[in-house]
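Visitor: Got a structure for you, questions after.
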Amino acid sequence: MVLLVVIGLAVALYDEYRITIRAKYQVQQQQVQIKNDTRYMNEIEVHYNDLRNFRHDYQNMMLSISEYLKTDDLTGLQEYYQKNIAPVTKRVADEQYNLEDLSRVKVKSVKSTLFNKLNYAQSQGIKVHFELKQVLERVATNELDLDIALGIILDNAVEAVVGNYHGEITSAIFQTAHSTVFLIQNNLFEQLPPLWQLKEVGYSTKGTNRGLGLNRLGTIVNRNENMILETRVLENRFVQRLTVAREEL
């Protein structure tokens, strides 16, 4: 009887501990979701204000062109175009961002992470490409761990190319019958050490006390059984492929 009572108490304590841990995780996930949603809405507001400013500048530009045409000042119009319109056209082309594909990401936390990281990269003058052909409805893994993993990969990609005129980050999501694949790659401007060395705690090509990203990324992937991370250097590109296996039906 005493043994049964002890076992019963142990089971009850374990269940209570499990419920507490689950509740703590849910609260943490909700806090992250609220933070991500707030950042996403702030970015949307920024883009809306940019659109309003562009409309105002466009109206002024049309008025200026109209004045040149009224006075048949083609020389002045050509000079105005080269100084004011051509640079804007090039900037818009360089900052092209595939919002249509990002809208296919229905997992809010993943969308927020991708949007904020890619938008920041674009603001730093980095060329950004994102591709997703099928709607991403859900991911069969811990969303918080996935968000952190994607954040680390994208942060490292930005750090590797920021400040270089030809800096470029290409990202995509591919879905198969058995998995969802997140592919992120950036071009390289320096010779990298062996990959095993990059994953060591504390090691970084950018200086001391900055080499925790890849090691932490490995820890996150290893604690999720359905996550696989592949890291490669292909010619002049650093490629990371994060695969999330789907749950068995």
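Here, A, B, ... name the chains of the structure tokens in the order displayed, residue numbers run from 1 inside each chain, and ligands are numbered from 1 in the same displayed order.
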I'd like the neighbourhood of A:Leu234 as a ChimeraX atom specification, where a residue qualifies if any of its atoms comes within 10 Å (using only C-alpha atoms), though same-chain residues fewer than 5 positions away should be ignored.
Guide: /A:185,187-188,239
Visitor: Which residues, written as a list of chain:residue names, have at least one atom at most 10 Å from A:Arg104, with only C-alpha atoms counted and residues fewer than 5 positions away on the same chain left out?
Guide: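 Returned residues: A:Leu99, A:Lys111, A:Glu131, A:Leu132, A:Lys133, A:Gln134, A:Val135, A:Leu136, A:Glu137.
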Visitor: What lies within 10 Å of A:Asn142 using only C-alpha atoms, ignoring chain neighbours under 5 positions off, as a count of residues only?
Guide: 5
Visitor: Would you pick out the contacts of A:Thr231 at 8 Å or less, using only C-alpha atoms, so that residues sharing its chain but fewer than 6 positions from it are not included, and give the list as a list in words?
Guide: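 What passes the distance filter is Leu195, Phe238, Val239, Gln240 and Arg241 of chain A.
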Visitor: Please provide the set of residues having any atom within 6 Å of stretch 160-175 of chain A, restricted to only C-alpha atoms, with same-chain residues fewer than 5 positions apart removed, written as number ranges by chain.
Guide: A: 126-132, 180-186
Visitor: Could you pull the residues within 10 Å of stretch 78-83 of chain A, counting only C-alpha atoms, minus those fewer than 2 positions along the same chain, as a VMD selection string?
Guide: chain A and resid 61 64 to 65 68 73 to 76 85 to 88
Visitor: Save out the residues we just selected, C-alpha atoms, as a PDB file, in the first residue's frame.
Guide:
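Okay, this is what ended up in again_36.pdb:
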```pdb
ATOM      1  CA  MET A  61       7.337  64.981 -60.438  1.00  0.00           C
ATOM      2  CA  SER A  64       7.650  69.420 -63.025  1.00  0.00           C
ATOM      3  CA  ILE A  65       7.530  67.390 -66.232  1.00  0.00           C
ATOM      4  CA  TYR A  68       9.106  71.463 -69.040  1.00  0.00           C
ATOM      5  CA  ASP A  73      12.363  72.764 -72.782  1.00  0.00           C
ATOM      6  CA  LEU A  74      13.438  69.276 -73.874  1.00  0.00           C
ATOM      7  CA  THR A  75      17.039  69.851 -72.806  1.00  0.00           C
ATOM      8  CA  GLY A  76      15.913  70.799 -69.307  1.00  0.00           C
ATOM      9  CA  ILE A  85      13.826  60.113 -62.271  1.00  0.00           C
ATOM     10  CA  ALA A  86      16.528  57.695 -63.436  1.00  0.00           C
ATOM     11  CA  PRO A  87      18.061  57.203 -59.944  1.00  0.00           C
ATOM     12  CA  VAL A  88      14.605  56.542 -58.455  1.00  0.00           C
TER      13      VAL A  88
END
```
Visitor: At what distance in Å, to one decimal, does atom CA of A:Val110 lie from atom CA of A:Val139?
Guide: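 Atom CA of A:Val139 sits 9.2 Å away from atom CA of A:Val110.
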